[in-house]
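Undergrad: Input structure: input_18.csv, which contains CSV, C-alpha atoms and all ligand atoms.
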chain,number,residue,atom,x,y,z
A,722,MET,CA,-40.5,88.0,-9.3
A,723,GLY,CA,-43.7,89.4,-8.0
A,724,MET,CA,-44.2,90.3,-4.4
A,725,LEU,CA,-46.4,87.3,-3.7
A,726,ASP,CA,-44.1,84.8,-5.2
A,727,PHE,CA,-43.1,83.4,-1.8
A,728,ILE,CA,-46.7,82.5,-1.2
A,729,TYR,CA,-47.1,80.7,-4.5
A,730,LYS,CA,-43.8,79.0,-4.0
A,731,ARG,CA,-45.0,77.1,-1.0
A,732,HIS,CA,-46.4,73.7,-1.5
A,733,SER,CA,-46.7,70.7,0.7
A,734,ILE,CA,-43.5,68.7,0.4
A,735,ARG,CA,-43.6,65.0,1.3
A,736,LYS,CA,-40.2,63.8,-0.1
A,737,PHE,CA,-36.9,65.1,1.0
A,738,LYS,CA,-33.2,64.9,0.1
A,739,ASP,CA,-31.0,63.2,2.6
A,740,GLU,CA,-29.4,66.4,3.8
A,741,ALA,CA,-29.5,67.7,7.3
A,742,VAL,CA,-30.9,71.2,8.1
A,743,PRO,CA,-28.4,73.4,9.9
A,744,THR,CA,-29.5,74.5,13.4
A,745,GLU,CA,-29.2,78.2,12.4
A,746,ASP,CA,-31.7,77.7,9.6
A,747,ILE,CA,-34.1,75.9,12.0
A,748,LYS,CA,-33.8,78.7,14.5
A,749,GLU,CA,-34.5,81.3,11.7
A,750,LEU,CA,-37.6,79.4,10.7
A,751,ILE,CA,-38.9,79.2,14.3
A,752,LYS,CA,-38.2,82.9,14.7
A,753,ALA,CA,-40.3,83.5,11.5
A,754,ALA,CA,-43.0,81.3,13.1
A,755,THR,CA,-43.0,83.4,16.3
A,756,TYR,CA,-43.6,86.6,14.2
A,757,ALA,CA,-47.1,85.3,13.5
A,758,PRO,CA,-49.9,87.3,15.0
A,759,SER,CA,-51.6,85.8,18.0
A,760,ALA,CA,-54.7,86.9,20.0
A,761,LYS,CA,-53.6,89.3,22.7
A,762,ASN,CA,-50.1,88.4,21.7
A,763,ILE,CA,-50.4,85.3,23.9
A,764,GLN,CA,-47.9,83.3,21.7
A,765,ASN,CA,-49.4,80.0,23.0
A,766,TRP,CA,-47.0,77.9,21.1
A,767,HIS,CA,-43.9,75.8,21.8
A,768,PHE,CA,-41.8,74.2,19.1
A,769,VAL,CA,-40.1,70.9,19.4
A,770,VAL,CA,-37.6,70.0,16.7
A,771,ILE,CA,-36.7,66.3,16.2
A,772,ASN,CA,-33.3,66.4,14.5
A,773,ASN,CA,-32.7,62.7,14.3
A,774,LYS,CA,-33.6,60.4,11.5
A,775,GLU,CA,-33.9,57.2,13.6
A,776,LYS,CA,-36.3,59.0,16.0
A,777,ILE,CA,-38.3,60.3,13.1
A,778,GLU,CA,-38.6,56.8,11.7
A,779,GLU,CA,-39.6,55.5,15.1
A,780,ILE,CA,-42.4,58.1,15.2
A,781,ALA,CA,-43.6,57.0,11.8
A,782,LYS,CA,-43.7,53.4,13.0
A,783,LEU,CA,-45.7,54.2,16.1
A,784,VAL,CA,-48.2,56.1,13.9
A,785,GLU,CA,-48.5,53.0,11.7
A,786,ARG,CA,-48.9,50.8,14.8
A,787,LYS,CA,-51.7,53.0,16.2
A,788,ASN,CA,-53.3,53.1,12.8
A,789,ALA,CA,-53.3,49.3,12.6
A,790,LEU,CA,-54.6,49.0,16.1
A,791,LEU,CA,-57.5,51.5,15.6
A,792,ALA,CA,-58.3,49.9,12.2
A,793,SER,CA,-58.4,46.4,13.8
A,794,GLN,CA,-61.0,47.8,16.3
A,795,THR,CA,-63.2,49.4,13.7
A,796,LYS,CA,-66.4,47.6,12.8
A,797,ASP,CA,-67.5,49.5,9.8
A,798,GLU,CA,-65.5,48.1,6.8
A,799,SER,CA,-65.5,51.3,4.7
A,800,VAL,CA,-64.5,53.5,7.7
A,801,LYS,CA,-61.7,51.0,8.5
A,802,ASN,CA,-60.4,50.8,4.9
A,803,ASN,CA,-60.5,54.5,4.4
A,804,PHE,CA,-58.5,55.1,7.6
A,805,ALA,CA,-55.9,52.4,7.0
A,806,LYS,CA,-55.5,53.3,3.3
A,807,TYR,CA,-54.3,56.8,4.1
A,808,VAL,CA,-51.7,55.9,6.7
A,809,LYS,CA,-48.9,56.9,4.3
A,810,TYR,CA,-50.3,60.5,4.5
A,811,HIS,CA,-50.0,60.3,8.2
A,812,THR,CA,-46.3,59.3,8.0
A,813,VAL,CA,-45.0,61.6,5.2
A,814,PHE,CA,-42.4,63.0,7.6
A,815,ARG,CA,-40.8,59.5,7.4
A,816,ASN,CA,-37.8,60.4,5.2
A,817,ALA,CA,-37.3,64.0,6.3
A,818,PRO,CA,-34.0,64.9,8.1
A,819,ALA,CA,-36.0,67.0,10.6
A,820,MET,CA,-39.5,67.4,12.0
A,821,ILE,CA,-41.1,70.3,13.8
A,822,LEU,CA,-43.9,69.6,16.3
A,823,ILE,CA,-46.0,72.6,17.4
A,824,TYR,CA,-47.4,72.4,20.9
A,825,ALA,CA,-50.2,74.6,21.9
A,826,SER,CA,-51.8,75.8,25.1
A,827,GLN,CA,-55.4,76.7,25.7
A,828,TYR,CA,-56.4,80.3,24.9
A,829,ASN,CA,-59.8,81.5,26.2
A,830,PRO,CA,-61.4,83.8,23.8
A,831,THR,CA,-62.4,87.3,24.7
A,832,GLY,CA,-65.8,87.3,26.4
A,833,LEU,CA,-65.7,83.7,27.6
A,834,ASP,CA,-65.4,84.8,31.3
A,835,VAL,CA,-68.3,87.2,30.7
A,836,PHE,CA,-70.4,84.5,29.0
A,837,LYS,CA,-69.8,82.2,32.0
A,838,ASP,CA,-70.5,85.0,34.5
A,839,ILE,CA,-73.8,85.9,32.9
A,840,GLY,CA,-74.8,82.2,32.7
A,841,ALA,CA,-74.8,81.9,28.9
A,842,SER,CA,-76.1,78.7,27.5
A,843,SER,CA,-73.8,75.9,26.5
A,844,GLU,CA,-74.9,76.6,22.9
A,845,GLU,CA,-73.8,80.3,23.2
A,846,ILE,CA,-70.5,79.2,24.7
A,847,HIS,CA,-70.0,76.6,22.0
A,848,HIS,CA,-70.6,79.4,19.4
A,849,LEU,CA,-68.0,81.5,21.0
A,850,LEU,CA,-65.4,78.7,21.2
A,851,ARG,CA,-66.0,77.3,17.8
A,852,PRO,CA,-63.7,79.7,15.8
A,853,SER,CA,-60.9,78.4,18.2
A,854,ALA,CA,-58.8,81.6,18.5
A,855,GLY,CA,-56.1,79.6,20.2
A,856,MET,CA,-55.8,77.2,17.2
A,857,GLN,CA,-55.8,80.2,14.8
A,858,ASN,CA,-52.6,81.4,16.6
A,859,ILE,CA,-51.0,78.0,15.9
A,860,GLY,CA,-52.2,78.0,12.3
A,861,ALA,CA,-50.7,81.5,11.8
A,862,ALA,CA,-47.4,80.3,13.2
A,863,MET,CA,-47.3,77.2,11.1
A,864,GLU,CA,-48.1,79.1,7.9
A,865,ASN,CA,-45.3,81.7,8.7
A,866,LEU,CA,-42.9,78.8,9.2
A,867,LEU,CA,-43.9,77.1,6.0
A,868,LEU,CA,-43.7,80.3,4.0
A,869,ALA,CA,-40.2,81.1,5.4
A,870,ALA,CA,-39.1,77.5,4.7
A,871,ALA,CA,-40.2,77.7,1.1
A,872,ASN,CA,-38.4,81.0,0.8
A,873,MET,CA,-35.2,79.5,2.2
A,874,GLY,CA,-35.3,76.5,-0.2
A,875,TYR,CA,-36.8,74.1,2.3
A,876,GLY,CA,-40.1,72.3,2.2
A,877,GLY,CA,-42.6,71.0,4.7
A,878,CYS,CA,-46.1,69.7,5.0
A,879,TRP,CA,-48.6,70.9,7.6
A,880,MET,CA,-49.8,67.7,9.3
A,881,THR,CA,-52.6,66.9,11.7
A,882,GLY,CA,-53.3,63.5,10.3
A,883,PRO,CA,-51.0,61.7,12.9
A,884,ASN,CA,-52.8,63.4,15.8
A,885,TYR,CA,-54.7,60.2,16.5
A,886,ALA,CA,-51.3,58.9,17.8
A,887,SER,CA,-50.4,62.1,19.6
A,888,LYS,CA,-50.4,60.4,23.0
A,889,GLU,CA,-47.9,57.8,21.8
A,890,ILE,CA,-45.8,60.5,20.1
A,891,GLU,CA,-45.7,62.7,23.2
A,892,GLU,CA,-44.7,59.7,25.3
A,893,TYR,CA,-42.0,58.6,22.9
A,894,ILE,CA,-40.3,62.0,22.6
A,895,GLY,CA,-40.7,62.6,26.3
A,896,PHE,CA,-41.4,66.3,26.0
A,897,LYS,CA,-43.7,67.8,28.6
A,898,LYS,CA,-44.8,71.3,29.2
A,899,GLU,CA,-47.5,72.1,31.7
A,900,GLY,CA,-50.8,72.9,29.9
A,901,PHE,CA,-49.4,72.3,26.4
A,902,PHE,CA,-50.5,69.6,23.9
A,903,LEU,CA,-49.4,68.5,20.5
A,904,ALA,CA,-51.4,70.4,17.8
A,905,ALA,CA,-49.6,70.0,14.5
A,906,MET,CA,-46.4,69.0,12.9
A,907,THR,CA,-44.3,69.3,9.8
A,908,PRO,CA,-41.4,67.5,8.3
A,909,LEU,CA,-38.6,69.8,7.2
A,910,GLY,CA,-35.9,69.3,4.6
A,911,ILE,CA,-34.8,70.1,1.1
A,912,PRO,CA,-37.5,69.0,-1.4
A,913,GLU,CA,-36.5,66.0,-3.4
A,914,ASP,CA,-38.4,67.0,-6.4
A,915,ARG,CA,-38.7,70.7,-7.4
A,916,GLU,CA,-41.2,69.9,-10.2
A,917,TRP,CA,-44.2,69.7,-7.9
A,918,VAL,CA,-47.7,70.5,-8.9
A,919,SER,CA,-50.0,72.3,-6.5
A,920,PRO,CA,-53.5,70.8,-6.0
A,921,LYS,CA,-56.1,72.9,-7.7
A,922,ARG,CA,-57.7,75.8,-5.8
A,923,LYS,CA,-61.4,76.7,-5.9
A,924,PRO,CA,-61.9,79.7,-8.1
A,925,VAL,CA,-61.8,83.0,-6.2
A,926,GLU,CA,-65.4,83.7,-7.3
A,927,GLU,CA,-66.5,80.6,-5.5
A,928,VAL,CA,-64.9,81.4,-2.1
A,929,LEU,CA,-65.5,85.1,-2.2
A,930,THR,CA,-68.5,87.2,-1.2
A,931,ILE,CA,-68.2,91.0,-1.4
A,932,ILE,CA,-70.8,93.0,0.5
A,933,GLU,CA,-71.0,96.6,-0.6
B,1001,LIG,C1,-54.5,71.5,9.2
B,1001,LIG,C2,-53.8,70.7,8.1
B,1001,LIG,C3,-53.6,69.4,8.2
B,1001,LIG,C4,-52.9,68.6,7.2
B,1001,LIG,N1,-52.6,67.3,7.5
B,1001,LIG,C5,-51.9,66.6,6.5
B,1001,LIG,C6,-51.5,65.3,6.8
B,1001,LIG,O1,-51.7,64.7,7.8
B,1001,LIG,N2,-50.8,64.6,5.8
B,1001,LIG,C7,-50.6,65.2,4.6
B,1001,LIG,O2,-50.0,64.5,3.7
B,1001,LIG,N3,-50.9,66.5,4.3
B,1001,LIG,C8,-51.6,67.2,5.2
B,1001,LIG,N4,-52.0,68.5,5.0
B,1001,LIG,C9,-51.6,69.1,3.7
B,1001,LIG,C10,-52.8,69.3,2.8
B,1001,LIG,O3,-53.1,68.1,2.2
B,1001,LIG,C11,-52.3,70.4,1.7
B,1001,LIG,O4,-52.0,71.6,2.3
B,1001,LIG,C12,-53.4,70.6,0.6
B,1001,LIG,O5,-53.6,69.5,-0.1
B,1001,LIG,C13,-53.0,71.8,-0.3
B,1001,LIG,O6,-51.8,71.5,-1.0
B,1001,LIG,P1,-50.5,72.4,-0.8
B,1001,LIG,O7,-50.2,72.5,0.6
B,1001,LIG,O8,-49.4,71.7,-1.6
B,1001,LIG,O9,-50.8,73.8,-1.4
B,1001,LIG,C14,-52.6,69.2,6.0
B,1001,LIG,C15,-52.9,70.6,5.8
B,1001,LIG,C16,-53.5,71.3,6.8
B,1001,LIG,C17,-53.7,72.8,6.7
Could you rewrite the structure in this file as structure tokens?

TA:
Amino acid sequence: MGMLDFIYKRHSIRKFKDEAVPTEDIKELIKAATYAPSAKNIQNWHFVVINNKEKIEEIAKLVERKNALLASQTKDESVKNNFAKYVKYHTVFRNAPAMILIYASQYNPTGLDVFKDIGASSEEIHHLLRPSAGMQNIGAAMENLLLAAANMGYGGCWMTGPNYASKEIEEYIGFKKEGFFLAAMTPLGIPEDREWVSPKRKPVEEVLTIIE
């Protein structure tokens, strides 16, 4: 086993065995998530675990309902079909025994107050905000969580697809924390099929530029 095996072991898992995840394991995974780096160590995350199959199914249904509603209001046929067709990818958590929702709070990047103070243009401010440091924190936490899950024999799937129903999801689960909003989620469980194939990656040469 090479040192990077745990990275290559992680794949998005969308089908799960009907076995609950013990709370101690969930806590371990959340701990691993919180060991992610974050800008100024702000840790602008909060994890909500849904450990109830009926509630998870209900969340899948409300994503489907919101998808159908939005599709019914869409005038462009190809936009509509493309959106409706992929609803199963927005509900892949459906058969998971657990689901983890990551809430995020706003993080103002270094220099924003200075830019505002010196009257920087909205284009300059947009340029500063575009890399979204606050969301990078959340991404780091999610990746830590998924790598730890893969290493412990669990699987998950980073999801932002269902975010168009985030208002409905937030209302349904009734979780509220001042200044926090739902950013991403993942199902969690034991993978049903261990013979998965990872989607192809772009060759390193294509995504790498070395400046010497
Ligand atoms: C920000 C983000 C959002 C994603 N949203 C979804 C989603 O809504 N539904 C889904 O099935 N997969 C989703 N994925 C998983 C990607 O499809 C997957 O990571 C990619 O195809 C690479 O496959 P792998 O994770 O197995 O390596 C998402 C991944 C990321 C990073």

Undergrad: Residues up to 10 Å from ligand LIG 1001 (chain B), counting all atoms listed in the file: could you list those as number ranges by chain?

TA: A: 728-735, 807-814, 856, 859-860, 863-864, 867, 877-884, 904-907, 917-922

Undergrad: Give me the residues near Ala869 of chain A as a list in words, where near means some atom within 12 Å (using only C-alpha atoms) and where sequence neighbours in that chain fewer than 6 positions away do not count.

TA: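 Surrounding residues, per the criterion: Asp726, Phe727, Ile728, Lys730, Arg731, His732, Asp746, Ile747, Lys748, Glu749, Leu750, Ile751, Lys752, Ala753, Ala754, Thr755, Tyr756, Ala757, Ala862, Met863, Tyr875, Gly876, Gly877 and Leu909 of chain A.
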
Undergrad: What is the atom CA of Trp766 of chain A-atom CA of Ile894 of chain A distance in Å, reported with one decimal?

TA: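 Separation of atom CA of Trp766 of chain A and atom CA of Ile894 of chain A: 17.3 Å.
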
Undergrad: I'd like the neighbourhood of Ile763 of chain A as a list in words, where a residue qualifies if any of its atoms comes within 10 Å (using only C-alpha atoms), though same-chain residues fewer than 3 positions away should be ignored.

TA: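 My list of contacting residues is Pro758, Ser759, Ala760, Trp766, Ser826, Tyr828, Gly855 and Asn858 of chain A.
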
Undergrad: Using atom CA of Val925 of chain A and atom CA of Leu725 of chain A as the two end points, give the distance in Å to one decimal.

TA: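 Those two atoms sit 16.2 Å apart.
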
Undergrad: Find the distance between atom CA of Ile823 of chain A and atom CA of Glu778 of chain A and write it in Å to one decimal.

TA: 18.4 Å

Undergrad: Go ahead and find all residues with at least one atom no further than 12 Å from (-49.6, 50.6, 13.5) in the file's coordinates, using only C-alpha atoms; report them as JSON, numbers by chain.

TA: {"A": [779, 780, 781, 782, 783, 784, 785, 786, 787, 788, 789, 790, 791, 792, 793, 804, 805, 808, 809, 811, 812, 883, 885, 886, 889]}

Undergrad: Residues within 10 Å of Asn772 of chain A, please, as a list in words. Count only C-alpha atoms; anything in the same chain fewer than 6 positions from it doesn't count.

TA: Ala741, Val742, Pro743, Thr744, Ile747, Ala817, Pro818, Ala819, Met820, Ile821 and Leu909 of chain A
